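Below is coords-v6.cif, holding mmCIF, N, CA and C atoms.
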```cif
data_input
#
loop_
_atom_site.label_atom_id
_atom_site.label_comp_id
_atom_site.auth_asym_id
_atom_site.auth_seq_id
_atom_site.Cartn_x
_atom_site.Cartn_y
_atom_site.Cartn_z
N MET Y 1 198.48 114.98 249.62
CA MET Y 1 199.51 114.00 249.37
C MET Y 1 199.40 112.90 250.43
N ARG Y 2 199.50 111.66 250.01
CA ARG Y 2 199.42 110.52 250.92
C ARG Y 2 200.80 109.90 251.06
N ILE Y 3 201.17 109.56 252.26
CA ILE Y 3 202.43 108.90 252.51
C ILE Y 3 202.12 107.53 253.09
N GLY Y 4 202.55 106.51 252.42
CA GLY Y 4 202.29 105.14 252.86
C GLY Y 4 203.24 104.74 253.98
N CYS Y 5 202.91 103.70 254.65
CA CYS Y 5 203.73 103.19 255.74
C CYS Y 5 203.92 101.69 255.53
N VAL Y 6 205.14 101.22 255.64
CA VAL Y 6 205.42 99.80 255.46
C VAL Y 6 205.69 99.20 256.82
N LEU Y 7 205.01 98.11 257.13
CA LEU Y 7 205.21 97.40 258.38
C LEU Y 7 205.62 95.97 258.09
N VAL Y 8 206.43 95.40 258.93
CA VAL Y 8 206.83 94.02 258.78
C VAL Y 8 205.71 93.14 259.33
N LEU Y 9 205.25 92.19 258.53
CA LEU Y 9 204.13 91.34 258.94
C LEU Y 9 204.39 90.58 260.23
N THR Y 10 205.62 90.14 260.45
CA THR Y 10 205.90 89.40 261.67
C THR Y 10 205.71 90.29 262.89
N GLY Y 11 205.95 91.57 262.76
CA GLY Y 11 205.74 92.49 263.87
C GLY Y 11 204.27 92.65 264.20
N LEU Y 12 203.39 92.52 263.20
CA LEU Y 12 201.96 92.64 263.44
C LEU Y 12 201.39 91.42 264.14
N ALA Y 13 202.01 90.25 263.97
CA ALA Y 13 201.46 89.02 264.51
C ALA Y 13 201.64 88.92 266.02
N VAL Y 14 202.49 89.74 266.61
CA VAL Y 14 202.72 89.71 268.04
C VAL Y 14 201.82 90.71 268.73
N PRO Y 15 201.05 90.28 269.74
CA PRO Y 15 200.19 91.22 270.44
C PRO Y 15 201.00 92.36 271.04
N SER Y 16 200.46 93.54 270.98
CA SER Y 16 201.14 94.72 271.49
C SER Y 16 200.74 94.99 272.93
N GLY Y 17 201.70 95.30 273.76
CA GLY Y 17 201.40 95.62 275.13
C GLY Y 17 201.02 97.08 275.30
N ALA Y 18 201.26 97.90 274.30
CA ALA Y 18 201.02 99.33 274.40
C ALA Y 18 199.55 99.70 274.21
N GLY Y 19 198.73 98.81 273.68
CA GLY Y 19 197.32 99.10 273.50
C GLY Y 19 196.97 99.75 272.18
N ALA Y 20 197.96 100.03 271.34
CA ALA Y 20 197.69 100.61 270.02
C ALA Y 20 198.93 100.48 269.17
N LEU Y 21 198.74 100.43 267.86
CA LEU Y 21 199.89 100.44 266.96
C LEU Y 21 200.43 101.85 266.90
N ASP Y 22 201.76 101.96 266.91
CA ASP Y 22 202.39 103.27 266.93
C ASP Y 22 202.27 104.01 265.60
N ALA Y 23 202.25 103.29 264.50
CA ALA Y 23 202.20 103.91 263.17
C ALA Y 23 201.04 103.33 262.38
N PRO Y 24 200.55 104.06 261.39
CA PRO Y 24 199.49 103.51 260.54
C PRO Y 24 199.94 102.23 259.86
N ALA Y 25 199.02 101.31 259.66
CA ALA Y 25 199.30 100.06 258.97
C ALA Y 25 198.50 100.00 257.68
N ASP Y 26 198.98 99.26 256.73
CA ASP Y 26 198.26 99.04 255.50
C ASP Y 26 197.17 97.99 255.75
N VAL Y 27 196.00 98.18 255.17
CA VAL Y 27 194.88 97.25 255.38
C VAL Y 27 195.27 95.82 255.03
N VAL Y 28 195.93 95.62 253.91
CA VAL Y 28 196.31 94.27 253.48
C VAL Y 28 197.21 93.61 254.51
N ALA Y 29 198.21 94.33 255.00
CA ALA Y 29 199.13 93.78 255.99
C ALA Y 29 198.43 93.52 257.31
N PHE Y 30 197.50 94.37 257.68
CA PHE Y 30 196.87 94.27 259.00
C PHE Y 30 195.75 93.23 259.06
N ALA Y 31 195.02 93.03 257.99
CA ALA Y 31 193.82 92.19 258.02
C ALA Y 31 194.09 90.79 258.58
N GLY Y 32 195.18 90.18 258.19
CA GLY Y 32 195.49 88.84 258.67
C GLY Y 32 195.91 88.78 260.12
N ALA Y 33 196.39 89.87 260.66
CA ALA Y 33 196.87 89.90 262.05
C ALA Y 33 195.89 90.60 262.99
N ALA Y 34 194.78 91.05 262.48
CA ALA Y 34 193.85 91.86 263.28
C ALA Y 34 193.40 91.16 264.56
N ARG Y 35 193.21 89.85 264.51
CA ARG Y 35 192.71 89.14 265.70
C ARG Y 35 193.67 89.24 266.88
N HIS Y 36 194.92 89.56 266.61
CA HIS Y 36 195.92 89.71 267.68
C HIS Y 36 195.88 91.11 268.29
N HIS Y 37 195.04 91.98 267.76
CA HIS Y 37 194.99 93.37 268.21
C HIS Y 37 193.61 93.78 268.71
N ILE Y 38 192.76 92.83 269.07
CA ILE Y 38 191.42 93.14 269.57
C ILE Y 38 191.53 94.07 270.78
N GLY Y 39 190.73 95.12 270.76
CA GLY Y 39 190.72 96.10 271.85
C GLY Y 39 191.70 97.24 271.66
N GLU Y 40 192.60 97.13 270.69
CA GLU Y 40 193.58 98.19 270.44
C GLU Y 40 193.03 99.18 269.43
N ARG Y 41 193.45 100.41 269.54
CA ARG Y 41 193.08 101.45 268.57
C ARG Y 41 194.17 101.51 267.52
N VAL Y 42 193.77 101.43 266.25
CA VAL Y 42 194.73 101.41 265.14
C VAL Y 42 194.29 102.40 264.06
N THR Y 43 195.22 102.75 263.21
CA THR Y 43 194.94 103.55 262.01
C THR Y 43 195.38 102.73 260.82
N LEU Y 44 194.48 102.58 259.86
CA LEU Y 44 194.76 101.79 258.66
C LEU Y 44 194.73 102.68 257.42
N ASP Y 45 195.75 102.58 256.61
CA ASP Y 45 195.83 103.31 255.35
C ASP Y 45 195.38 102.43 254.20
N HIS Y 46 195.07 103.05 253.07
CA HIS Y 46 194.71 102.37 251.83
C HIS Y 46 193.45 101.52 251.98
N CYS Y 47 192.49 102.06 252.70
CA CYS Y 47 191.21 101.40 252.91
C CYS Y 47 190.24 101.89 251.84
N HIS Y 48 189.77 100.99 251.00
CA HIS Y 48 188.79 101.31 249.96
C HIS Y 48 187.41 101.02 250.53
N LEU Y 49 186.63 102.07 250.77
CA LEU Y 49 185.30 101.90 251.34
C LEU Y 49 184.32 101.45 250.26
N VAL Y 50 183.55 100.40 250.57
CA VAL Y 50 182.52 99.89 249.67
C VAL Y 50 181.30 99.48 250.49
N TYR Y 51 180.17 99.37 249.82
CA TYR Y 51 178.91 98.90 250.42
C TYR Y 51 178.56 99.65 251.71
N ALA Y 52 178.73 100.96 251.69
CA ALA Y 52 178.41 101.79 252.86
C ALA Y 52 176.91 101.80 253.09
N ASN Y 53 176.51 101.62 254.35
CA ASN Y 53 175.11 101.79 254.75
C ASN Y 53 175.08 102.49 256.10
N GLU Y 54 173.93 102.73 256.65
CA GLU Y 54 173.82 103.48 257.90
C GLU Y 54 174.54 102.82 259.07
N ASP Y 55 174.64 101.50 259.07
CA ASP Y 55 175.22 100.78 260.20
C ASP Y 55 176.71 100.49 260.07
N GLU Y 56 177.17 100.22 258.85
CA GLU Y 56 178.55 99.80 258.69
C GLU Y 56 179.02 100.00 257.25
N ILE Y 57 180.32 99.92 257.09
CA ILE Y 57 180.97 100.08 255.79
C ILE Y 57 182.01 98.98 255.69
N THR Y 58 182.22 98.44 254.51
CA THR Y 58 183.27 97.46 254.31
C THR Y 58 184.53 98.17 253.82
N CYS Y 59 185.66 97.80 254.42
CA CYS Y 59 186.97 98.33 254.03
C CYS Y 59 187.71 97.21 253.30
N ILE Y 60 188.12 97.46 252.07
CA ILE Y 60 188.84 96.48 251.26
C ILE Y 60 190.26 96.98 251.06
N GLY Y 61 191.21 96.09 251.28
CA GLY Y 61 192.61 96.36 250.95
C GLY Y 61 192.94 95.66 249.65
N LEU Y 62 193.68 96.31 248.79
CA LEU Y 62 194.01 95.75 247.48
C LEU Y 62 195.47 95.31 247.41
N SER Y 63 195.69 94.17 246.76
CA SER Y 63 197.05 93.69 246.55
C SER Y 63 197.71 94.54 245.46
N PRO Y 64 199.04 94.52 245.40
CA PRO Y 64 199.70 95.24 244.31
C PRO Y 64 199.28 94.65 242.96
N GLN Y 65 199.36 95.44 241.93
CA GLN Y 65 198.96 95.04 240.59
C GLN Y 65 199.82 93.88 240.09
N ASP Y 66 199.16 92.85 239.53
CA ASP Y 66 199.88 91.72 238.92
C ASP Y 66 200.56 92.19 237.64
N ALA Y 67 201.40 91.33 237.08
CA ALA Y 67 202.08 91.64 235.82
C ALA Y 67 201.08 91.92 234.70
N ASP Y 68 199.92 91.27 234.76
CA ASP Y 68 198.91 91.49 233.72
C ASP Y 68 197.98 92.66 234.03
N GLY Y 69 198.27 93.38 235.12
CA GLY Y 69 197.48 94.57 235.47
C GLY Y 69 196.29 94.30 236.37
N THR Y 70 196.12 93.06 236.82
CA THR Y 70 195.00 92.71 237.69
C THR Y 70 195.28 93.11 239.13
N VAL Y 71 194.29 93.72 239.76
CA VAL Y 71 194.37 94.07 241.18
C VAL Y 71 193.31 93.25 241.91
N ARG Y 72 193.69 92.63 243.01
CA ARG Y 72 192.76 91.77 243.73
C ARG Y 72 192.53 92.28 245.16
N ALA Y 73 191.33 92.02 245.68
CA ALA Y 73 191.05 92.32 247.08
C ALA Y 73 191.87 91.35 247.92
N ALA Y 74 192.62 91.87 248.87
CA ALA Y 74 193.52 91.02 249.65
C ALA Y 74 193.28 91.14 251.15
N GLY Y 75 192.39 91.97 251.57
CA GLY Y 75 192.07 92.11 252.99
C GLY Y 75 190.74 92.81 253.13
N LYS Y 76 189.98 92.43 254.16
CA LYS Y 76 188.65 93.01 254.34
C LYS Y 76 188.38 93.18 255.83
N LEU Y 77 187.85 94.34 256.19
CA LEU Y 77 187.46 94.63 257.56
C LEU Y 77 186.11 95.34 257.55
N LEU Y 78 185.34 95.15 258.59
CA LEU Y 78 184.07 95.85 258.75
C LEU Y 78 184.32 97.13 259.53
N ILE Y 79 183.75 98.23 259.08
CA ILE Y 79 183.94 99.52 259.75
C ILE Y 79 182.61 99.97 260.33
N ARG Y 80 182.59 100.23 261.63
CA ARG Y 80 181.43 100.82 262.28
C ARG Y 80 181.84 102.22 262.73
N VAL Y 81 181.29 103.20 262.04
CA VAL Y 81 181.69 104.59 262.24
C VAL Y 81 181.12 105.13 263.55
N ALA Y 82 181.93 105.91 264.25
CA ALA Y 82 181.52 106.53 265.52
C ALA Y 82 180.34 107.45 265.30
N ALA Y 83 179.46 107.53 266.28
CA ALA Y 83 178.27 108.39 266.19
C ALA Y 83 178.66 109.85 265.94
N ALA Y 84 179.77 110.28 266.51
CA ALA Y 84 180.23 111.66 266.35
C ALA Y 84 180.82 111.93 264.97
N GLU Y 85 180.98 110.90 264.17
CA GLU Y 85 181.60 111.02 262.86
C GLU Y 85 180.53 111.11 261.77
N ALA Y 86 179.50 111.90 262.00
CA ALA Y 86 178.38 112.00 261.06
C ALA Y 86 178.81 112.49 259.68
N ARG Y 87 179.72 113.43 259.63
CA ARG Y 87 180.16 113.98 258.34
C ARG Y 87 180.86 112.92 257.48
N GLY Y 88 181.74 112.14 258.10
CA GLY Y 88 182.42 111.07 257.38
C GLY Y 88 181.46 109.99 256.90
N ARG Y 89 180.50 109.63 257.76
CA ARG Y 89 179.50 108.64 257.40
C ARG Y 89 178.65 109.13 256.23
N THR Y 90 178.21 110.38 256.28
CA THR Y 90 177.39 110.95 255.22
C THR Y 90 178.14 110.94 253.89
N ARG Y 91 179.40 111.30 253.92
CA ARG Y 91 180.21 111.30 252.69
C ARG Y 91 180.37 109.88 252.16
N ALA Y 92 180.62 108.93 253.05
CA ALA Y 92 180.76 107.53 252.63
C ALA Y 92 179.47 107.01 252.01
N LEU Y 93 178.32 107.36 252.60
CA LEU Y 93 177.03 106.94 252.05
C LEU Y 93 176.80 107.52 250.66
N ALA Y 94 177.21 108.77 250.47
CA ALA Y 94 177.00 109.42 249.18
C ALA Y 94 177.95 108.90 248.10
N MET Y 95 179.17 108.55 248.47
CA MET Y 95 180.19 108.21 247.47
C MET Y 95 180.54 106.73 247.38
N CYS Y 96 180.29 105.97 248.45
CA CYS Y 96 180.86 104.62 248.53
C CYS Y 96 179.82 103.54 248.83
N ALA Y 97 178.57 103.77 248.44
CA ALA Y 97 177.51 102.81 248.72
C ALA Y 97 177.61 101.57 247.83
N GLY Y 98 178.19 101.70 246.65
CA GLY Y 98 178.33 100.57 245.74
C GLY Y 98 179.60 99.79 245.99
N GLY Y 99 179.91 98.90 245.08
CA GLY Y 99 181.07 98.05 245.23
C GLY Y 99 182.28 98.49 244.44
N GLY Y 100 182.26 99.70 243.87
CA GLY Y 100 183.38 100.19 243.08
C GLY Y 100 184.60 100.47 243.95
N LEU Y 101 185.77 100.27 243.41
CA LEU Y 101 187.01 100.47 244.17
C LEU Y 101 187.77 101.69 243.67
N GLY Y 102 187.06 102.76 243.38
CA GLY Y 102 187.68 103.98 242.87
C GLY Y 102 188.50 104.72 243.90
N GLU Y 103 189.33 105.62 243.42
CA GLU Y 103 190.21 106.40 244.29
C GLU Y 103 189.43 107.34 245.21
N ASP Y 104 188.23 107.74 244.81
CA ASP Y 104 187.44 108.66 245.63
C ASP Y 104 187.12 108.09 247.00
N CYS Y 105 187.11 106.78 247.13
CA CYS Y 105 186.75 106.14 248.40
C CYS Y 105 187.95 105.48 249.07
N GLU Y 106 189.17 105.85 248.67
CA GLU Y 106 190.37 105.34 249.34
C GLU Y 106 190.72 106.30 250.48
N VAL Y 107 190.70 105.78 251.71
CA VAL Y 107 190.84 106.62 252.90
C VAL Y 107 191.76 105.95 253.92
N SER Y 108 192.00 106.67 254.99
CA SER Y 108 192.58 106.10 256.20
C SER Y 108 191.47 106.03 257.23
N VAL Y 109 191.47 104.99 258.05
CA VAL Y 109 190.44 104.80 259.06
C VAL Y 109 191.10 104.47 260.38
N SER Y 110 190.63 105.12 261.46
CA SER Y 110 191.11 104.82 262.81
C SER Y 110 189.94 104.29 263.63
N GLY Y 111 190.22 103.28 264.44
CA GLY Y 111 189.17 102.75 265.30
C GLY Y 111 189.70 101.63 266.18
N GLU Y 112 188.83 101.10 267.03
CA GLU Y 112 189.18 100.01 267.94
C GLU Y 112 188.90 98.68 267.26
N VAL Y 113 189.88 97.80 267.24
CA VAL Y 113 189.74 96.50 266.61
C VAL Y 113 188.77 95.64 267.43
N PHE Y 114 187.80 95.01 266.73
CA PHE Y 114 186.87 94.10 267.40
C PHE Y 114 186.55 92.93 266.49
N ASP Y 115 186.05 91.86 267.11
CA ASP Y 115 185.65 90.66 266.38
C ASP Y 115 184.18 90.81 266.02
N ALA Y 116 183.89 91.00 264.73
CA ALA Y 116 182.52 91.21 264.26
C ALA Y 116 181.84 89.90 263.87
N SER Y 117 182.49 88.79 264.04
CA SER Y 117 181.99 87.49 263.57
C SER Y 117 180.62 87.13 264.11
N ARG Y 118 180.40 87.31 265.39
CA ARG Y 118 179.13 86.90 266.01
C ARG Y 118 177.94 87.65 265.44
N SER Y 119 178.16 88.89 265.00
CA SER Y 119 177.08 89.68 264.40
C SER Y 119 176.53 89.01 263.16
N PHE Y 120 177.33 88.14 262.55
CA PHE Y 120 176.94 87.48 261.31
C PHE Y 120 176.80 85.97 261.48
N GLY Y 121 176.79 85.49 262.72
CA GLY Y 121 176.64 84.06 262.98
C GLY Y 121 177.85 83.23 262.58
N LEU Y 122 179.03 83.86 262.56
CA LEU Y 122 180.25 83.16 262.18
C LEU Y 122 181.04 82.74 263.41
N GLY Y 123 181.98 81.83 263.22
CA GLY Y 123 182.87 81.43 264.29
C GLY Y 123 183.80 82.57 264.68
N GLU Y 124 184.45 82.41 265.80
CA GLU Y 124 185.31 83.44 266.35
C GLU Y 124 186.43 83.86 265.39
N ALA Y 125 186.69 85.16 265.33
CA ALA Y 125 187.78 85.79 264.58
C ALA Y 125 187.77 85.49 263.08
N GLN Y 126 186.58 85.30 262.49
CA GLN Y 126 186.49 85.11 261.05
C GLN Y 126 186.23 86.42 260.32
N LEU Y 127 185.65 87.39 261.00
CA LEU Y 127 185.40 88.71 260.41
C LEU Y 127 185.77 89.76 261.44
N MET Y 128 186.83 90.48 261.16
CA MET Y 128 187.31 91.50 262.10
C MET Y 128 186.87 92.87 261.62
N GLY Y 129 186.86 93.83 262.54
CA GLY Y 129 186.46 95.17 262.17
C GLY Y 129 187.03 96.23 263.08
N LEU Y 130 186.68 97.48 262.77
CA LEU Y 130 187.02 98.63 263.62
C LEU Y 130 185.72 99.26 264.06
N ARG Y 131 185.57 99.52 265.35
CA ARG Y 131 184.38 100.21 265.84
C ARG Y 131 184.78 101.56 266.40
N GLU Y 132 183.75 102.42 266.55
CA GLU Y 132 184.00 103.82 266.96
C GLU Y 132 185.04 104.44 266.04
N ALA Y 133 184.89 104.16 264.76
CA ALA Y 133 185.88 104.55 263.76
C ALA Y 133 185.67 105.98 263.26
N THR Y 134 186.78 106.57 262.87
CA THR Y 134 186.76 107.87 262.19
C THR Y 134 187.43 107.69 260.84
N ILE Y 135 186.94 108.42 259.86
CA ILE Y 135 187.44 108.33 258.50
C ILE Y 135 188.25 109.58 258.19
N CYS Y 136 189.46 109.40 257.67
CA CYS Y 136 190.29 110.51 257.24
C CYS Y 136 190.33 110.50 255.71
N TRP Y 137 189.60 111.46 255.11
CA TRP Y 137 189.55 111.56 253.66
C TRP Y 137 190.82 112.22 253.15
N PRO Y 138 191.26 111.90 251.95
CA PRO Y 138 192.54 112.41 251.45
C PRO Y 138 192.58 113.91 251.17
N ASP Y 139 191.44 114.58 251.13
CA ASP Y 139 191.47 116.02 250.81
C ASP Y 139 191.33 116.87 252.02
#
```
Structure translated into structure tokens:
Amino acid sequence: MRIGCVLVLTGLAVPSGAGALDAPADVVAFAGAARHHIGERVTLDHCHLVYANEDEITCIGLSPQDADGTVRAAGKLLIRVAAAEARGRTRALAMCAGGGLGEDCEVSVSGEVFDASRSFGLGEAQLMGLREATICWPD
């Protein structure tokens, strides 16, 4: 059973002095405020893993369903799985290598927020991610 957590967006926009978010955040809510949490360890719920490879995985947050039933990607973070998390990485590679947004790849992820922009030749804080991440599968 999964229990979601609701956070107020204005609370996420303020840098935390504690060094980590106290409660799990939803990927969609967190993605826009991630640059204010660089260096902090966070846990994100409702992360749909896609395009998994040996080096990194993309985490997509989905918006609520529109009236016409359309669901859109509303937040994206890069996930770099911790070396000690071999089991989670192997499972992600086996199940989440494609771009499908199925329930099998919806997870919670914990890791340290970092700016991944330079790895891709982008300007500062354009692509945020979690490093040394661990994946919590729903089963």
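Closest approach to Y:Ala97 among Y:Ile60, Y:Cys136, Y:Ala52, Y:Leu44: Y:Ala52, based on only N, CA and C atoms.
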Query - Residues returned when the PyMOL selection byres (((chain Y and resi 25 and name CA) around 6) and name CA) runs on this file, as a count of residues only - result: 4
Report task. Using only N, CA and C atoms, pick whichever of Y:His37, Y:Ala116, Y:Leu130, Y:Ala29 has the shortest atom-to-atom distance to Y:Leu78. Result -> Y:Leu130
Query raised in the report: For the point (188.0, 88.5, 260.6) in file coordinates, what residues are within 7 Å, counting only C-alpha atoms? Give the answer as number ranges by chain?
Result: Y: 35, 77, 115, 117, 125-128
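The two atoms in question, atom CA of Y:Ile79 and atom C of Y:Ala34, are spaced 13.5 Å apart.
If you measure from each of Y:Leu49, Y:Thr134, Y:Pro64, Y:Cys59 to Y:Asp104 using only N, CA and C atoms, the closest one turns out to be Y:Leu49.
Atom pair atom CA of Y:His48 / atom CA of Y:Glu106: separated by 4.4 Å.
The gap separating atom CA of Y:Ser119 from atom CA of Y:Val107 is 24.7 Å, in Å to one decimal.
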Requested in this report: Please evaluate the PyMOL selection byres ((chain Y and resi 113) around 6) against the displayed coordinates and give the resulting residues as a PyMOL selection string.
Outcome: chain Y and resi 37-42+111-112+114-115+129-131
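Backbone DSSP assigns strand (DSSP E) in stretch 60-114 of chain Y to Ile60, Gly61, Leu62, Ala73, Ala74, Gly75, Lys76, Leu77, Leu78, Ile79, Arg80, Val81, Glu106, Val107, Ser108, Val109, Ser110, Gly111, Glu112, Val113 and Phe114 of chain Y.
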Requested in this report: Could you tell me which residues the PyMOL selection byres (((chain Y and resi 95 and name CA) around 10) and name CA) grabs in this file, written as a VMD selection string?
Outcome: chain Y and resid 49 to 52 89 to 94 96 to 98 100 102 104 to 105
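Nearest residue to Y:Val81, choosing from Y:Ala67, Y:Ile57, Y:Ala31, Y:Leu101 and counting only N, CA and C atoms: Y:Ile57.
The smallest atom-to-atom distance between Y:Ser63 and any of Y:Ile135, Y:Val109, Y:Val28, Y:Ala83, using all atoms listed in the file, is found for Y:Val28.
Of the residues listed (Y:Gly32, Y:Gly88, Y:Gly69, Y:Gly61), Y:Gly88 shows the shortest atom-to-atom separation from Y:Trp137; distances use only C-alpha atoms.
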